[in-house]
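Colleague: Input file: data.tsv. Contents: TSV, C-alpha atoms.
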```tsv
chain	number	residue	atom	x	y	z
A	1	MET	CA	-65.77	-22.21	103.41
A	2	VAL	CA	-62.11	-23.14	103.74
A	3	THR	CA	-59.38	-21.22	101.93
A	4	ARG	CA	-55.85	-22.55	101.63
A	5	ARG	CA	-52.89	-20.52	100.42
A	6	LEU	CA	-49.65	-22.26	99.52
A	7	TRP	CA	-46.31	-20.46	99.66
A	8	VAL	CA	-43.27	-22.25	98.21
A	9	ASP	CA	-39.64	-21.20	98.63
A	10	THR	CA	-36.80	-23.01	96.88
A	11	GLU	CA	-34.06	-20.44	97.54
A	12	VAL	CA	-34.28	-20.75	101.32
A	13	ALA	CA	-34.50	-24.53	100.86
A	14	ASP	CA	-31.20	-24.41	98.91
A	15	TYR	CA	-29.63	-22.38	101.72
A	16	ALA	CA	-30.93	-24.77	104.39
A	17	ARG	CA	-29.72	-27.80	102.41
A	18	GLU	CA	-26.21	-26.41	101.86
A	19	GLN	CA	-25.50	-24.25	104.90
A	20	LEU	CA	-27.54	-25.99	107.58
A	21	ASN	CA	-26.83	-29.53	106.35
A	22	TYR	CA	-30.32	-30.74	105.41
A	23	PRO	CA	-29.45	-33.19	102.61
A	24	GLY	CA	-32.15	-33.74	100.01
A	25	LEU	CA	-34.16	-30.65	100.96
A	26	ARG	CA	-35.62	-29.09	97.82
A	27	ILE	CA	-38.78	-27.24	98.85
A	28	LEU	CA	-39.90	-25.32	101.90
A	29	ALA	CA	-43.62	-24.62	101.95
A	30	ARG	CA	-46.11	-22.77	104.08
A	31	VAL	CA	-49.86	-23.38	104.01
A	32	ASP	CA	-52.20	-20.79	105.45
A	33	CYS	CA	-55.64	-22.29	106.09
A	34	GLU	CA	-58.62	-20.16	107.01
A	35	ALA	CA	-62.13	-21.46	107.75
A	36	ARG	CA	-64.99	-18.98	107.46
A	37	LYS	CA	-68.72	-19.16	107.95
A	38	GLY	CA	-70.97	-16.25	107.11
A	39	GLY	CA	-67.96	-13.97	106.65
A	40	GLN	CA	-66.70	-14.71	110.16
A	41	VAL	CA	-63.30	-16.38	110.61
A	42	LEU	CA	-63.78	-19.60	112.60
A	43	SER	CA	-60.15	-20.70	112.57
A	44	ALA	CA	-56.84	-19.77	111.00
A	45	GLU	CA	-53.74	-21.97	110.96
A	46	THR	CA	-50.30	-21.83	109.42
A	47	ARG	CA	-48.36	-25.03	108.80
A	48	TYR	CA	-44.81	-25.41	107.52
A	49	PHE	CA	-43.42	-28.27	105.44
A	50	ALA	CA	-40.03	-29.36	104.14
A	51	CYS	CA	-39.73	-31.89	101.34
A	52	SER	CA	-37.30	-33.44	98.90
A	53	LEU	CA	-39.52	-33.27	95.80
A	54	ASP	CA	-38.01	-31.73	92.68
A	55	PRO	CA	-39.65	-28.29	92.30
A	56	GLY	CA	-39.37	-28.57	88.52
A	57	ARG	CA	-41.38	-31.81	88.44
A	58	VAL	CA	-44.19	-31.14	90.92
A	59	GLU	CA	-47.17	-28.94	90.21
A	60	VAL	CA	-48.62	-26.66	92.87
A	61	TRP	CA	-51.88	-28.63	93.00
A	62	GLU	CA	-49.91	-31.88	93.48
A	63	LEU	CA	-47.94	-30.42	96.36
A	64	LEU	CA	-51.12	-29.18	98.02
A	65	LYS	CA	-52.73	-32.61	97.51
A	66	LEU	CA	-49.74	-34.32	99.17
A	67	ILE	CA	-49.89	-31.90	102.09
A	68	ARG	CA	-53.61	-32.48	102.54
A	69	GLY	CA	-53.02	-36.24	102.36
A	70	HIS	CA	-50.53	-35.96	105.20
A	71	TRP	CA	-53.16	-34.24	107.34
A	72	VAL	CA	-55.76	-36.92	106.60
A	73	VAL	CA	-53.56	-39.34	108.53
A	74	GLU	CA	-52.82	-36.77	111.23
A	75	ASN	CA	-56.47	-35.88	111.71
A	76	SER	CA	-57.86	-39.39	111.52
A	77	LEU	CA	-55.46	-41.10	113.89
A	78	HIS	CA	-52.88	-38.98	115.66
A	79	HIS	CA	-55.28	-36.17	116.52
A	80	ILE	CA	-57.69	-38.63	118.13
A	81	LYS	CA	-54.93	-40.29	120.14
A	82	ASP	CA	-53.14	-37.09	121.11
A	83	ARG	CA	-55.98	-34.68	121.73
A	84	TRP	CA	-58.94	-36.81	122.77
A	85	TRP	CA	-57.19	-39.61	124.58
A	86	ASP	CA	-54.17	-37.58	125.71
A	87	GLU	CA	-51.79	-40.36	124.69
A	88	ASP	CA	-48.62	-38.25	124.74
A	89	ARG	CA	-49.04	-37.39	128.41
A	90	HIS	CA	-49.41	-41.01	129.52
A	91	TYR	CA	-46.23	-42.95	129.99
A	92	THR	CA	-44.91	-45.81	132.03
A	93	LYS	CA	-41.50	-47.16	132.90
A	94	GLN	CA	-42.76	-50.73	133.10
A	95	PRO	CA	-41.56	-52.75	130.11
A	96	GLY	CA	-44.29	-53.62	127.64
A	97	LYS	CA	-47.08	-51.64	129.31
A	98	GLY	CA	-46.85	-48.65	126.96
A	99	GLU	CA	-46.95	-50.91	123.90
A	100	ALA	CA	-49.94	-52.79	125.31
A	101	MET	CA	-51.85	-49.53	125.93
A	102	ALA	CA	-51.01	-48.30	122.41
A	103	ALA	CA	-52.28	-51.59	120.97
A	104	LEU	CA	-55.54	-51.26	122.93
A	105	ARG	CA	-56.02	-47.68	121.73
A	106	ASN	CA	-55.35	-48.72	118.13
A	107	ALA	CA	-57.85	-51.58	118.43
A	108	ALA	CA	-60.50	-49.25	119.88
A	109	ILE	CA	-59.99	-46.71	117.08
A	110	SER	CA	-60.15	-49.47	114.45
A	111	ILE	CA	-63.41	-50.75	115.91
A	112	LEU	CA	-64.87	-47.25	116.01
A	113	HIS	CA	-63.90	-46.80	112.34
A	114	LEU	CA	-65.01	-50.18	110.98
A	115	VAL	CA	-68.09	-51.38	112.84
A	116	PRO	CA	-71.27	-51.00	110.77
A	117	LEU	CA	-73.29	-50.22	113.92
A	118	PHE	CA	-72.43	-46.52	113.57
A	119	ASP	CA	-73.64	-44.04	110.99
A	120	GLN	CA	-70.80	-43.33	108.54
A	121	ASP	CA	-71.24	-39.57	109.05
A	122	GLU	CA	-70.92	-39.84	112.84
A	123	PRO	CA	-67.50	-38.58	113.98
A	124	ILE	CA	-65.20	-40.99	115.81
A	125	ARG	CA	-65.36	-38.96	119.01
A	126	ALA	CA	-69.16	-39.03	118.97
A	127	ARG	CA	-69.03	-42.81	118.55
A	128	ALA	CA	-66.70	-43.16	121.53
A	129	ASP	CA	-68.85	-40.82	123.62
A	130	ARG	CA	-71.93	-42.88	122.72
A	131	LEU	CA	-70.23	-46.06	123.96
A	132	ASN	CA	-69.22	-44.26	127.17
A	133	ARG	CA	-72.84	-43.34	127.83
A	134	ASP	CA	-74.15	-46.80	126.96
A	135	PRO	CA	-71.92	-49.57	128.39
A	136	ASP	CA	-74.40	-52.26	127.27
A	137	LEU	CA	-73.92	-51.13	123.68
A	138	ALA	CA	-70.14	-51.28	124.17
A	139	VAL	CA	-70.34	-54.86	125.48
A	140	GLU	CA	-72.62	-55.83	122.58
A	141	LEU	CA	-70.21	-54.23	120.12
A	142	PHE	CA	-67.12	-55.96	121.47
A	143	THR	CA	-68.80	-59.38	121.62
A	144	ALA	CA	-70.70	-59.26	118.31
A	145	THR	CA	-69.65	-61.03	115.15
A	146	PHE	CA	-70.25	-59.17	111.93
```
Have the structure of the file written as structure tokens, please.

Modeller:
Amino acid sequence: MVTRRLWVDTEVADYAREQLNYPGLRILARVDCEARKGGQVLSAETRYFACSLDPGRVEVWELLKLIRGHWVVENSLHHIKDRWWDEDRHYTKQPGKGEAMAALRNAAISILHLVPLFDQDEPIRARADRLNRDPDLAVELFTATF
């Protein structure tokens, strides 16, 4: 079971906007997320957000939905590239090489997401690991027409 708690502060946001020169800042938020199984805490995270939404026009559930939507992108793409493929640590000074590697990573992730060969419930990392263990399957996948 996952529990999320949302804390919203508009007064500190006003201070930050005026005194620290953050134009447009209207809401500062904190989300505490705790995952439990059988009463045992599996993970606990705190995330902080700053946004320009009007606090008088956004409901709490809408703000939480927007925050969760942000993390869908983070978890589905950036997390894979940063954590699993260690993209941030790899760099090159040769012009064009970094862009080419990023394009290859993006293509690989797209294939892992879209190809009907995989079970929809199978995580992306498991799909990539499966192709690592079975190079013939990888060749078949990259040469097949669907």

Colleague: Please determine, counting all atoms listed in the file, which residue among A:Leu77, A:Leu63, A:Ile124, A:Leu117 has the shortest atom-to-atom distance to Leu137 of chain A.

Modeller: A:Leu117

Colleague: Show me, as a list in words, the residues that have an atom within 10 Å of Glu11 of chain A when counting all atoms listed in the file, minus same-chain residues fewer than 5 positions from it.

Modeller: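 Skipping anything fewer than 5 positions along the chain leaves Ala16, Arg17, Arg26, Ile27 and Leu28 of chain A.
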
Colleague: Using all atoms listed in the file for the distances, tell me which of A:Met1, A:Leu141, A:Gly96, A:Arg89 is nearest to Val41 of chain A.

Modeller: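 Closest to Val41 of chain A, using all atoms listed in the file: A:Met1.
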
Colleague: So the first atom is atom CA of Pro55 of chain A and the second is atom CA of Ala29 of chain A; what is the distance between them in Å, to one decimal place?

Modeller: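 Taking atom CA of Pro55 of chain A and atom CA of Ala29 of chain A, their separation equals 11.1 Å.
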
Colleague: Could you please determine the separation between atom CA of Ser43 of chain A and atom CA of Leu114 of chain A in Å, to one decimal place?

Modeller: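 If I compute the distance from atom CA of Ser43 of chain A to atom CA of Leu114 of chain A, I get 29.9 Å.
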
Colleague: Leaving out Asn106 of chain A and any residue of its chain fewer than 3 positions from it, which residues lie within 12 Å of it when counting all atoms listed in the file, given as a VMD selection string?

Modeller: chain A and resid 76 to 78 80 to 81 85 87 99 to 103 109 to 113

Colleague: Taking all atoms listed in the file into account, which of A:Val115, A:Cys51, A:Leu131, A:Ala107 comes nearest Tyr22 of chain A?

Modeller: A:Cys51

Colleague: Determine the nearest neighbour of Lys37 of chain A from the options A:Leu64, A:His90, A:Val2, A:Pro116, counting all atoms listed in the file.

Modeller: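 Of all the options, A:Val2 lies closest to Lys37 of chain A.
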
Colleague: Considering all atoms listed in the file, can you say which of A:Lys97, A:Arg125, A:Arg5, A:Arg133 comes closest to Ala44 of chain A?

Modeller: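 The closest residue to Ala44 of chain A is A:Arg5.
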
Colleague: Can you work out the spacing between atom CA of Phe118 of chain A and atom CA of Arg130 of chain A in Å, to one decimal?

Modeller: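 Between these atoms lies a distance of 9.9 Å.
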
Colleague: Check the smallest atom-to-atom distance from each of A:Leu66, A:Ala144, A:Ala128, A:Leu6 to Val31 of chain A using all atoms listed in the file, then report the winner.

Modeller: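 That would be A:Leu6, the residue with the smallest distance to Val31 of chain A.
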